[in-house]
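Trainee: A single structure is presented below for examination.
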There are 2 protein chains.
Amino acid sequence: MYRSHTCGELRIEHLNQSVTLSGWVSKIRKMGSMTFVDLRDRYGITQLAFNESVNADLMEEANKLGREFVIQIEGAVAERSSKNNQIPTGDIEIICAKLKVLNESLTPPFTIENETDGGDDIRMLYRYLDLRRDPVRKNLKLRHDLAQAIRNYLSDLDFMEVETPVLIKSTPEGARDFIVPSRLNPGQWYALPQSPQTFKQLLMVSGFDRYFQIVKCFRDEDLRADRQPEFTQIDCELSFVDRDDILDIFEGMTKYLFEKTKNISLGSFPRMTYADAMKYYGSDKPDTRFGMKFVELKSPENKIDLISGKDFALFDTAEAVIGICAEGQSVLTRKQIDSYVDYVKRPQIGATGIIWCRVELDGSVKSSVDKFYSPEDLAKWVEHFGAKPGDMIFVMAGKLEKTQKQLSELRLHLGNELNLRNSSVFSPLWVVDFPLLEWDEDANRYHAMHHPFTSPLIQDMALMETDPGRVRANAYDLVINGVEIGGGSIRIFDQHLQRKMFNLLGFTTEEAEYQFGFLLNAFKYGAPPHGGIALGFDRLCSLFGGSDSIRDFIAFPKNNSGRDVMIDAPSNLNKDQLKDLVILPAAN
Amino acid sequence: MYRSHTCGELRIEHLNQSVTLSGWVSKIRKMGSMTFVDLRDRYGITQLAFNESVNADLMEEANKLGREFVIQIEGAVAERSSKNNQIPTGDIEIICAKLKVLNESLTPPFTIENETDGGDDIRMLYRYLDLRRDPVRKNLKLRHDLAQAIRNYLSDLDFMEVETPVLIKSTPEGARDFIVPSRLNPGQWYALPQSPQTFKQLLMVSGFDRYFQIVKCFRDEDLRADRQPEFTQIDCELSFVDRDDILDIFEGMTKYLFEKTKNISLGSFPRMTYADAMKYYGSDKPDTRFGMKFVELKSPENKIDLISGKDFALFDTAEAVIGICAEGQSVLTRKQIDSYVDYVKRPQIGATGIIWCRVELDGSVKSSVDKFYSPEDLAKWVEHFGAKPGDMIFVMAGKLEKTQKQLSELRLHLGNELNLRNSSVFSPLWVVDFPLLEWDEDANRYHAMHHPFTSPLIQDMALMETDPGRVRANAYDLVINGVEIGGGSIRIFDQHLQRKMFNLLGFTTEEAEYQFGFLLNAFKYGAPPHGGIALGFDRLCSLFGGSDSIRDFIAFPKNNSGRDVMIDAPSNLNKDQLKDLVILPAAN
């Protein structure tokens with residue numbers, strides 16, 4: 001061992017002990033007759049002191065050290081004259097008697113400090129140096145702690161972690177698979193799993209009862225910001241359970257993780273239907289850290305209409321007119337309001353504008369549609385919104401779904417602007433009863449909203465024949481602070497219903513058989529009722545770490561072109577490697 | 001929840017409780033006015049009783065159940081009249097009041113019992129049914145328990161589990177890589193990792209200090225029996241350590257696992273040099289559950305010669321003459337000895353024969369070379385071997401290495417024949433000081449015996465220039481019962497030595513730079529001394545489970561052609577999938 005203690009370990013009670021430390025030179029301060037070195041390792045920083053009057057040669061050596069040199073020292077623990085109460089070792093320093101350079105270092109291309117001067121590109125190229133920085137290492141320590149806590153929690157509940165295969169069969173339904181040519185089976189390919197979905201269902205057929213796995217999954221997608229081609233999932237499946245059994249267990253796990261790693265205790269998680277989430281937040285993953293719930297001014301479905309017949313064509317012709325009330329925001333200037341209008345007009349959101357309605361402190365109401373609506377009309381709005389003097393109402397109109405999405409964006413933007421989205425506040429909820437299917441205009445067929453194995457709600461089963469688009473699924477998402485942390489469903493466990501589902505999704509019998517024959521077969525031999533959930537582990541870590549970026553919580557992430565710039569992968573192959581693989585040319 | 005209790009939970013203290021159970025119909029016994037059903041789940045078996053006189057209709061329903069039907073019952077816990085002390089629930093049965101069939105089952109293609117009538121092929125095709133069998137599930141439970149114990153043990157010692165990437169860069173050194181075309185980077189490929197070796201070394205450069213990962217690795221090899229294209233490794237790396245620090249920690253972990261999962265406490269593990277392992281066992285992974293250590297009758301290197309000059313050409317011309325002594329085996333018949341001769345003459349071993357020498361109970365000696373060696377000569381052999389009356393000596397001769405290997409095979413065969421290799425006895429040891437390089441006759445160059453990052457022993461460093469073949473590595477293997485459970489080494493952490501090593505292995509500077517430039521670069525920025533180990537997790541599980549086959553400890557294994565026969569992978573691709581990948585035709 002190159003050390004008797006780590007750099008985070010020594011305290012005043014070690015006074016006068018002889019110690020050996022090893023680590024990296026973090027800082028050097030030359031103060032004339034004394035030189036001080038901050039020695040760093042994963043565990044902390046310890047100050048080393050070299051004194052000219054004690055050992056001039058040694059101080060000379062210390063003066064030659066460079067940043068990030070790896071050194072080993074021997075010395076005695078002494079009390080510092082000027083203590084540093086910012087660090088746990090701040091009461092002591094080491095009076096060095098020996099110094100050995102274990103390895104030298106070039107000057108790093110950026111500073112190894114909490115606030116580095118390195119930009120994203122250079123830090124990724126030298127990720128091994130970036131990982132030396134405390135905040136990055138803390139993120140990965142948090143990831144480790146969360147994984148350990150999850151494994152122990154689930155193991156205690158009789159879940160078994162089972163490793164499912166990585167080299168599997170391609171199932172082109174859903175996202176694109178990464179594929180792997182098989183040399184031993186020429187012309188054939190493996191695929192990397194997008195999730196272990198079918199395997200975990202087979203484990204239920206096998207009677208494993210409670211399965212989990214923290215597992216790498218792969219999707220060959222065009223990468224958006226904060227998507228990775230390989231990502232990690234907490235994958236779980238249970239037998240003989242109803243939806244609420246699953247929600248209870250994973251709500252319990254989430255609370256446990258918050259308590260264990262953040263010392264935060266959360267109340268029970270509200271459960272909201274997908275329909276309500278869309279109605280009140282215009283989103284299936286509402287950020288419930290703040291209010292501003294949607295209020296309908298016009299909704300044919302809910303027989304609400306406070307706006308028609310006043311010659312305001314925009315509202316009269318709109319399918320839906322919806323608004324939100326920003327409490328105490330009557331103070332907003334015209335300029336601020338204009339900036340919100342600009343925000344929602346950006347092409348990513350594509351709204352045409354915002355109608356506003358200000359409730360003055362004296363109770364009078366001003367709006368951008370005063371021309372069409374009388375003070376009495378507007379007073380009804382105010383009452384309908386439950387707005388108080390000093391509040392500000394924003395209204396948007398158009399096609400229902402589009403308007404919901406646009407108003408949701410405005411709501412989130414206001415939440416940011418008004419500092420209502422505090423990253424140290426956590427507001428979890430379950431969104432339930434998602435639609436089973438979504439219509440794909442381009443392909444002119446239904447897609448499974450969750451996946452083809454999701455069970456419809458029993459009460460909607462009859463609609464499968466008559467109106468499949470209206471069937472609700474027994475599916476659920478865990479949402480925290482507007483982020484989808486995970487989702488799952490009760491699965492189909494009846495082979496006939498599963499075939500019907502494949503049928504609805506446009507699979508021919510042959511296609512279903514070719515791709516999922518093994519699962520359909522397995523269902524013939526006594527499949528139990530079962531369901532499960534998968535949580536995005538990268539996303540969970542970033543939520544717990546208070547960051548928006550999953551990349552900060554992955555040791556060696558890839559960039560937006562799926563490239564690891566540090567190792568320079570993917571890369572060209574040595575042609576001998578391709579020779580053994582009978583690979584067909586791309587058929588164009 | 002479909003149950004109030006599992007099928008392994010109810011005891012006599014639950015008497016008269018109303019319960020709901022769910023599970024699989026394991027057995028049905030119709031006894032006239034009573035029908036008994038064994039209901040099975042992962043946790044156990046509970047007997048259900050249906051009584052004609054109580055509820056004739058219900059018994060009728062029960063009589064219609066088939067094997068492996070999934071059912072849910074309600075009933076009351078009753079004391080059994082004839083108890084079954086083979087199972088924990090054997091004191092009770094459930095008097096059923098309600099029965100619901102949750103799912104039917106076809107008759108399984110083999111029996112779901114500990115000793116099944118199904119052959120290997122059909123069990124793999126229906127692996128989801130095979131996994132219902134108790135022994136298979138127990139194997140996977142053991143795997144889960146071991147993984148949990150390892151993670152907790154290492155976490156307690158400040159190891160951090162860090163996930164390294166699966167889509168990496170191909171490094172053709174070593175075994176063949178599985179490769180993955182990149183759609184976003186046309187013409188370029190990822191490779192799947194054969195191990196996270198370079199990443200874990202980078203993590204040491206990053207100051208992670210103690211890393212581990214239980215991780216899938218991939219090798220595209222021609223599969224031998226009991227090799228899998230994807231396998232799981234317990235991968236570990238530590239900084240600022242010497243060899244013995246690493247051996248101590250992982251010896252500690254191994255002992256902990258034996259105590260925790262098998263209640264076996266092991267003494268400290270012997271450490272044996274590679275040279276001694278070859279000398280005394282003819283193998284770098286000796287099975288030390290039994291003795292029969294090699295004894296040299298002729299070894300020019302060790303200046304031993306008890307056999308020359310007696311006109312026995314076989315011995316006179318042999319480089320080495322070595323034997324083993326089988327205690328108490330003078331009783332072996334000529335026929336038995338002949339069977340051993342046949343065994344070593346098989347082409348896999350390729351020996352020409354065995355010389356034997358029997359020490360009769362009266363102390364007289366008989367041998368198959370009496371013609372050449374006098375009783376006095378043979379008495380010297382006996383003394384040299386330390387043989388006692390009643391023992392039997394077997395001797396083989398030829399080129400040193402070949403003879404060592406052949407005699408090792410004979411030794412292991414005798415161990416089996418004489419029941420000296422008990423699978424419930426565990427004999428661990430560390431083999432250390434492996435050669436750094438091995439000469440590849442075909443390629444006319446050196447290969448790294450462990451891998452190119454292994455450090456030479458400091459005391460052999462000078463030989464790097466003069467006689468590289470004789471340099472010993474600071475490398476070690478953990479061997480238990482003749483099985484290599486894992487291996488590792490102290491790594492090179494100096495960029496210049498690493499370059500020299502690549503050079504010795506025949507890399508040009510450009511090749512080294514192209515393949516491992518990122519590592520060589522990282523070494524310029526303060527790499528700490530470090531080393532590590534990787535244990536084969538599949539192999540470890542099979543050792544703990546007392547089995548020779550790793551396949552029994554993998555949920556969904558592949559066969560010898562790398563095929564998953566259950567899901568039928570690899571498979572042909574839909575041609576749209578290949579269209580987006582610019583794949584070059586195989587260059588022949």
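Each chain of the structure tokens is named A, B, ... in the order shown, its residues numbered from 1; ligands are numbered from 1 in display order.
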Please report, as a PyMOL selection string, each residue of stretch 277-362 of chain A to which DSSP assigns strand (DSSP E or B) when run on this structure's backbone.

Mentor: chain A and resi 295-299+304-305+320-326+355-359

Trainee: Take the residues from that selection and write them out as a PDB file, in the first residue's frame, keeping N, CA, C and O atoms.

Mentor:
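File part-v6.pdb, as written:
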ATOM      1  N   VAL A 295     -57.628  26.415 -16.818  1.00  0.00           N
ATOM      2  CA  VAL A 295     -59.061  26.650 -16.643  1.00  0.00           C
ATOM      3  C   VAL A 295     -59.658  26.815 -18.033  1.00  0.00           C
ATOM      4  O   VAL A 295     -59.113  27.556 -18.868  1.00  0.00           O
ATOM      5  N   GLU A 296     -60.730  26.095 -18.304  1.00  0.00           N
ATOM      6  CA  GLU A 296     -61.341  26.150 -19.643  1.00  0.00           C
ATOM      7  C   GLU A 296     -62.342  27.294 -19.718  1.00  0.00           C
ATOM      8  O   GLU A 296     -63.244  27.392 -18.890  1.00  0.00           O
ATOM      9  N   LEU A 297     -62.203  28.128 -20.728  1.00  0.00           N
ATOM     10  CA  LEU A 297     -63.207  29.158 -20.987  1.00  0.00           C
ATOM     11  C   LEU A 297     -64.189  28.659 -22.035  1.00  0.00           C
ATOM     12  O   LEU A 297     -65.305  29.126 -22.140  1.00  0.00           O
ATOM     13  N   LYS A 298     -63.708  27.714 -22.817  1.00  0.00           N
ATOM     14  CA  LYS A 298     -64.606  27.119 -23.810  1.00  0.00           C
ATOM     15  C   LYS A 298     -64.188  25.674 -23.991  1.00  0.00           C
ATOM     16  O   LYS A 298     -63.025  25.391 -24.333  1.00  0.00           O
ATOM     17  N   SER A 299     -65.132  24.772 -23.732  1.00  0.00           N
ATOM     18  CA  SER A 299     -64.871  23.356 -23.926  1.00  0.00           C
ATOM     19  C   SER A 299     -66.173  22.676 -24.270  1.00  0.00           C
ATOM     20  O   SER A 299     -67.009  22.437 -23.388  1.00  0.00           O
ATOM     21  N   ILE A 304     -68.711  24.011 -21.451  1.00  0.00           N
ATOM     22  CA  ILE A 304     -68.326  25.289 -20.858  1.00  0.00           C
ATOM     23  C   ILE A 304     -68.166  26.281 -21.993  1.00  0.00           C
ATOM     24  O   ILE A 304     -67.561  25.959 -23.025  1.00  0.00           O
ATOM     25  N   ASP A 305     -68.734  27.458 -21.831  1.00  0.00           N
ATOM     26  CA  ASP A 305     -68.507  28.499 -22.836  1.00  0.00           C
ATOM     27  C   ASP A 305     -68.735  29.867 -22.215  1.00  0.00           C
ATOM     28  O   ASP A 305     -69.856  30.270 -21.966  1.00  0.00           O
ATOM     29  N   ALA A 320     -60.954  25.075 -28.612  1.00  0.00           N
ATOM     30  CA  ALA A 320     -60.786  25.202 -27.168  1.00  0.00           C
ATOM     31  C   ALA A 320     -60.192  26.550 -26.828  1.00  0.00           C
ATOM     32  O   ALA A 320     -59.350  27.080 -27.553  1.00  0.00           O
ATOM     33  N   VAL A 321     -60.655  27.107 -25.724  1.00  0.00           N
ATOM     34  CA  VAL A 321     -60.072  28.339 -25.184  1.00  0.00           C
ATOM     35  C   VAL A 321     -59.735  28.048 -23.719  1.00  0.00           C
ATOM     36  O   VAL A 321     -60.616  27.681 -22.926  1.00  0.00           O
ATOM     37  N   ILE A 322     -58.464  28.140 -23.406  1.00  0.00           N
ATOM     38  CA  ILE A 322     -57.996  27.718 -22.075  1.00  0.00           C
ATOM     39  C   ILE A 322     -57.032  28.762 -21.526  1.00  0.00           C
ATOM     40  O   ILE A 322     -56.306  29.410 -22.290  1.00  0.00           O
ATOM     41  N   GLY A 323     -57.005  28.858 -20.209  1.00  0.00           N
ATOM     42  CA  GLY A 323     -56.098  29.837 -19.637  1.00  0.00           C
ATOM     43  C   GLY A 323     -55.487  29.364 -18.332  1.00  0.00           C
ATOM     44  O   GLY A 323     -55.851  28.317 -17.786  1.00  0.00           O
ATOM     45  N   ILE A 324     -54.532  30.169 -17.875  1.00  0.00           N
ATOM     46  CA  ILE A 324     -53.940  29.937 -16.561  1.00  0.00           C
ATOM     47  C   ILE A 324     -53.892  31.276 -15.830  1.00  0.00           C
ATOM     48  O   ILE A 324     -53.876  32.332 -16.456  1.00  0.00           O
ATOM     49  N   CYS A 325     -53.889  31.182 -14.494  1.00  0.00           N
ATOM     50  CA  CYS A 325     -53.873  32.396 -13.694  1.00  0.00           C
ATOM     51  C   CYS A 325     -52.557  32.463 -12.920  1.00  0.00           C
ATOM     52  O   CYS A 325     -52.237  31.559 -12.146  1.00  0.00           O
ATOM     53  N   ALA A 326     -51.805  33.531 -13.190  1.00  0.00           N
ATOM     54  CA  ALA A 326     -50.523  33.702 -12.495  1.00  0.00           C
ATOM     55  C   ALA A 326     -50.754  34.630 -11.311  1.00  0.00           C
ATOM     56  O   ALA A 326     -50.992  35.824 -11.475  1.00  0.00           O
ATOM     57  N   ILE A 355     -53.758  35.947 -25.175  1.00  0.00           N
ATOM     58  CA  ILE A 355     -54.691  36.968 -24.682  1.00  0.00           C
ATOM     59  C   ILE A 355     -54.438  37.098 -23.189  1.00  0.00           C
ATOM     60  O   ILE A 355     -54.308  36.081 -22.495  1.00  0.00           O
ATOM     61  N   TRP A 356     -54.331  38.346 -22.697  1.00  0.00           N
ATOM     62  CA  TRP A 356     -54.121  38.485 -21.255  1.00  0.00           C
ATOM     63  C   TRP A 356     -55.260  39.267 -20.614  1.00  0.00           C
ATOM     64  O   TRP A 356     -55.994  39.977 -21.284  1.00  0.00           O
ATOM     65  N   CYS A 357     -55.368  39.106 -19.332  1.00  0.00           N
ATOM     66  CA  CYS A 357     -56.465  39.737 -18.617  1.00  0.00           C
ATOM     67  C   CYS A 357     -55.958  40.023 -17.204  1.00  0.00           C
ATOM     68  O   CYS A 357     -55.671  39.098 -16.433  1.00  0.00           O
ATOM     69  N   ARG A 358     -55.807  41.298 -16.897  1.00  0.00           N
ATOM     70  CA  ARG A 358     -55.159  41.694 -15.646  1.00  0.00           C
ATOM     71  C   ARG A 358     -56.217  42.082 -14.596  1.00  0.00           C
ATOM     72  O   ARG A 358     -57.107  42.880 -14.883  1.00  0.00           O
ATOM     73  N   VAL A 359     -56.111  41.524 -13.407  1.00  0.00           N
ATOM     74  CA  VAL A 359     -57.010  41.902 -12.314  1.00  0.00           C
ATOM     75  C   VAL A 359     -56.258  42.920 -11.453  1.00  0.00           C
ATOM     76  O   VAL A 359     -55.337  42.550 -10.718  1.00  0.00           O
TER      77      VAL A 359
END

Trainee: Tell me, counting only C-alpha atoms, for each residue of chain B within 6 Å of chain A, which pair of atoms is nearest and how far apart they are in Å to one decimal, in rows ordered by chain and increasing number, as CSV.

Mentor:
residue,atom,partner,partner_atom,distance
B:Met1,CA,A:Val241,CA,4.4
B:Tyr2,CA,A:Phe240,CA,5.0
B:Arg42,CA,A:Gly207,CA,5.9
B:Glu68,CA,A:Gly526,CA,5.8
B:Phe69,CA,A:Gly526,CA,5.3
B:Val70,CA,A:Gly526,CA,5.5
B:Asn103,CA,A:Gly526,CA,5.5
B:Glu104,CA,A:Gly526,CA,5.4
B:Ser105,CA,A:Tyr525,CA,4.1
B:Leu106,CA,A:Tyr525,CA,5.4
B:Tyr128,CA,A:Ser206,CA,5.0
B:Leu129,CA,A:Ser206,CA,5.8
B:Leu131,CA,A:Ser206,CA,5.4
B:Arg132,CA,A:Ser206,CA,4.8
B:His144,CA,A:Glu161,CA,5.7
B:Glu161,CA,A:His144,CA,5.7
B:Ile168,CA,A:Ala569,CA,5.9
B:Lys169,CA,A:Ala569,CA,4.9
B:Ile179,CA,A:Val180,CA,5.9
B:Val180,CA,A:Val180,CA,5.0
B:Gln188,CA,A:Ser571,CA,4.8
B:Trp189,CA,A:Pro570,CA,4.8
B:Tyr190,CA,A:Pro570,CA,4.5
B:Leu202,CA,A:Tyr128,CA,5.9
B:Ser206,CA,A:Arg132,CA,4.8
B:Gly207,CA,A:Arg42,CA,5.9
B:Phe240,CA,A:Tyr2,CA,5.0
B:Val241,CA,A:Met1,CA,4.4
B:Asp242,CA,A:Met1,CA,5.5
B:Phe518,CA,A:Ile567,CA,5.7
B:Lys524,CA,A:Ser105,CA,5.5
B:Tyr525,CA,A:Ser105,CA,4.1
B:Gly526,CA,A:Ser105,CA,4.6
B:Ile567,CA,A:Phe518,CA,5.7
B:Ala569,CA,A:Lys169,CA,4.9
B:Pro570,CA,A:Tyr190,CA,4.5
B:Ser571,CA,A:Gln188,CA,4.8
B:Asn572,CA,A:Gln188,CA,4.9
B:Leu578,CA,A:Ala586,CA,5.9
B:Lys579,CA,A:Ala586,CA,5.3
B:Val582,CA,A:Ala586,CA,5.9
B:Ile583,CA,A:Ala586,CA,5.7
B:Leu584,CA,A:Pro585,CA,5.7
B:Pro585,CA,A:Pro585,CA,4.8
B:Ala586,CA,A:Lys579,CA,5.2
B:Ala587,CA,A:Lys579,CA,5.7

Trainee: So which residues touch A:Glu438 within 6 Å, counting only C-alpha atoms, skipping near sequence neighbours fewer than 5 positions away, as a ChimeraX atom specification?

Mentor: /A:446-447,449

Trainee: Run DSSP on the backbone and tell me which residues of stretch 85-281 of chain A come out as alpha helix (DSSP H); list them as number ranges by chain.

Mentor: A: 120-125, 127-130, 134-156, 197-205, 243-262, 274-281

Trainee: Could you state the separation of atom CA of A:Ser308 and atom CA of A:Asp370 in Å, given to one decimal place?

Mentor: 14.4 Å

Trainee: Measure the distance from atom CA of A:Asn139 to atom CA of A:Asn419 in Å and round it to one decimal.

Mentor: 24.4 Å
